[in-house]
Structures are given as C-alpha cells and as structure tokens.
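Notes for the one structure printed next.
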Amino acid sequence: MSGFGSTNQGHCHPEIIKALIEQAPKLTQTSRSFLNTQMGTFAEYLCNVMGYEMFLPSSTGVEACESACKLARKWGYNVKGVEHDKASIIMANGNFWGRSITASGACDDPSRYTGFGPFTPGFPLVDYNDVDAVEAMFKADPNIVGIMVEPIQGEGGIIMPQEGYL
C-alpha cells in the first residue's frame with residue numbers, strides 16, 4: 001500500500017504489520033514483466049469474478065488511468081475507425097487521477113497545470129454531473145473514444161454524482 005491507502009490505517013497498525021510479515025516470504029510487489037507463482041492464479045480468479053477474458057494489472061492509480069486512456073484510444077483507432085492521432089477522451093472538471101503530464105493537462109486545476117505544459121492533447125473537459133454536456137460532446141465530436149469519470153470525486157472534497165449521472 002502507498003499514500004492514502006496506508007495512512008488511513010494508522011502508523012504501523014498491528015494487523016497490517018502481521019499481514020506484511022506473513023506475505024513477505026511469499027511474494028512482495030512484482031512487475032507484471034516478470035513471471036511469478038501467483039499471477040496466473042490471481043488473473044484467473046479476477047477474470048472469473050469480473051466475467052472478462054483478461055485484465056491489465058497496474059501498480060499505481062495514474063498508471064491504471066494512463067493505461068485506460070491508451071486502451072480507449074487503441075479501440076478508437078482499430079474498431080471505431082478514428083483518424084490517426086485524433087482520438088479524444090472526455091474528462092470531468094474537478095477530476096484527479098494523478099500528477100503525470102497527461103493527468104495535469106487533462107484537468108481544470110490551475111495549480112496542477114500552470115507552468116507544466118505542453119500537455120498531451122485530446123482531453124476535452126465537461127462539468128461533472130452534466131449528462132447533457134457529455135451527450136453534446138459525443139454528438140459534436142466523432143473522435144471521442146471514451147469518457148473517464150470518477151464515480152465519487154475526492155480531490156476537492158467528497159463530491160457525489162446526482163442520481164442517474166453514472
């Protein structure tokens with residue numbers, strides 16, 4: 001665990017230390033680039049639970065989001081037929097998915113984007129909770145290949161969506 005995932009459990013919580021000691025001799029964090037004795041079993045279990053044929057393991061939140069953007073764009077080019085380098089992914093204002101260059105440029109927070117450009121293009125913003133704006137953007141731009149939205153926004157407080165938004 002890292003960052004928020006570990007600090008909300010308290011410093012050196014005895015149950016977490018116990019689990020860490022039990023797990024450490026078996027397998028610690030490993031790259032998906034290397035085979036290990038646990039990944040195949042885990043992959044099969046997760047795919048069965050989720051009902052999918054495959055999954056893409058990630059180490060961090062920003063890595064997962066960047067991978068999701070890559071997959072959406074790849075789908076757009078290979079399946080939807082979007083012209084090369086034209087795919088866009090809608091983002092909601094108030095989003096937070098990391099501090100990478102792409103994540104910083106795909107937000108409406110000046111403290112995250114001022115002085116850090118140029119940014120990755122293709123991330124138009126709409127207001128969170130505004131279904132009409134999302135629909136309008138899909139209708140106006142044939143190069144939209146997806147939308148990435150947090151079910152509950154948390155960077156600027158706990159912001160819950162209206163009923164029916166998701």
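For the structure tokens, the naming scheme is as follows: chains receive sequential letters (A, B, ...) according to their order of presentation, residues are indexed from 1 within each chain, and ligands are indexed from 1 in presentation order.
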Inset, instruction - May I have the residues within 12 Å of Glu66 of chain A as an MDAnalysis selection string, using only C-alpha atoms and disregarding those fewer than 4 positions away in the same chain? - result: chainID A and resid 56 58:62 70:73 89 97:104 106 120 148
I need the residues from that last selection saved to file as a CSV table (one decimal), in the first residue's frame (with C-alpha atoms), if you can.
```csv
chain,number,residue,atom,x,y,z
A,56,LEU,CA,-4.2,-5.4,-17.2
A,58,SER,CA,-1.2,-1.9,-12.7
A,59,SER,CA,0.9,-0.6,-9.8
A,60,THR,CA,-0.5,2.9,-9.3
A,61,GLY,CA,-3.6,4.9,-9.9
A,62,VAL,CA,-2.1,7.1,-12.6
A,70,LYS,CA,-4.3,4.0,-24.2
A,71,LEU,CA,-6.8,1.2,-24.4
A,72,ALA,CA,-9.6,3.6,-25.3
A,73,ARG,CA,-7.6,5.3,-28.0
A,89,ILE,CA,-11.4,11.2,-24.2
A,97,TRP,CA,-6.2,10.9,-11.5
A,98,GLY,CA,-2.6,11.7,-10.8
A,99,ARG,CA,0.2,14.2,-11.4
A,100,SER,CA,1.6,12.9,-14.7
A,101,ILE,CA,1.9,15.4,-17.5
A,102,THR,CA,-1.2,13.9,-19.2
A,103,ALA,CA,-3.2,14.0,-16.0
A,104,SER,CA,-2.1,17.5,-15.2
A,106,ALA,CA,-6.5,17.0,-18.5
A,120,THR,CA,-1.0,15.7,-24.2
A,148,MET,CA,-13.2,8.9,-17.8
```
Inset, instruction - Identify, with DSSP run on backbone atoms, the residues in chain A assigned to strand (DSSP E), and express the list as a PyMOL selection string. - result: chain A and resi 88-92+125-126+144-148
Legend entry - Interatomic distance (Å, one decimal) between atom CA of Ala92 of chain A and atom CA of Lys80 of chain A: 22.5 Å
Inset, instruction - For Leu125 of chain A, please output as a list in words all residues within 10 Å (counting only C-alpha atoms; exclusion window: fewer than 5 positions along the same chain). - result: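 The filter keeps Ile89, Ile90, Met91, Ala92, Asn93, Gly94, Asn95, Ala106, Cys107, Asp108, Ala133, Val134, Met137 and Ile147 of chain A.
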Legend entry - Separation of atom CA of Glu135 of chain A from atom CA of Pro151 of chain A, in Å and rounded to one decimal: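 Between these atoms lies a distance of 17.5 Å.
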Inset, instruction - List the neighbours of Gln29 of chain A out to 12 Å using only C-alpha atoms; skip same-chain residues closer than 5 positions along the sequence, and give me the result as a list in words. - result: Met1, Ser2, Leu20, Gln23, Ala24, Phe34, Asn36, Gln38, Met39, Pro57, Ser58, Ser59 and Thr60 of chain A
How would the residues just chosen look if you wrote them out with C-alpha atoms as a compact mmCIF listing (two decimals), in the first residue's frame?
```txt
# COMPACT_ATOMS: atom_id res chain seq x y z
CA MET A 1 0.00 0.00 0.00
CA SER A 2 1.08 3.54 -0.52
CA LEU A 20 3.10 -7.86 5.78
CA GLN A 23 3.21 -12.14 2.90
CA ALA A 24 6.86 -11.05 2.59
CA PHE A 34 8.24 -10.99 -14.71
CA ASN A 36 5.81 -15.39 -10.65
CA GLN A 38 0.92 -16.01 -8.07
CA MET A 39 -0.02 -14.01 -11.17
CA PRO A 57 -2.52 -5.24 -13.77
CA SER A 58 -1.17 -1.85 -12.69
CA SER A 59 0.91 -0.62 -9.80
CA THR A 60 -0.49 2.88 -9.34
```
Legend entry - Within 10 Å of segment 158-164 of chain A using only C-alpha atoms, minus same-chain residues under 3 positions, as a list in words: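 Once the nearby chain positions are removed, what remains is Gly94, Tyr128, Asn129, Asp130, Val131, Glu150, Pro151, Ile152, Gln153, Gly154 and Glu155 of chain A.
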Legend entry - Residue among A:Tyr52, A:Gly40, A:Val82, A:Phe119 lying closest to Asp141 of chain A, counting only C-alpha atoms: A:Val82
Legend entry - Distance of atom CA of Gly117 of chain A from atom CA of Ala140 of chain A, expressed in Å to one decimal place: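 Going from atom CA of Ala140 of chain A over to atom CA of Gly117 of chain A, I get 26.3 Å.
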Legend entry - Those of segment 32-76 of chain A in DSSP alpha helix (DSSP H), formatted as a PyMOL selection string: chain A and resi 39-50+61-75
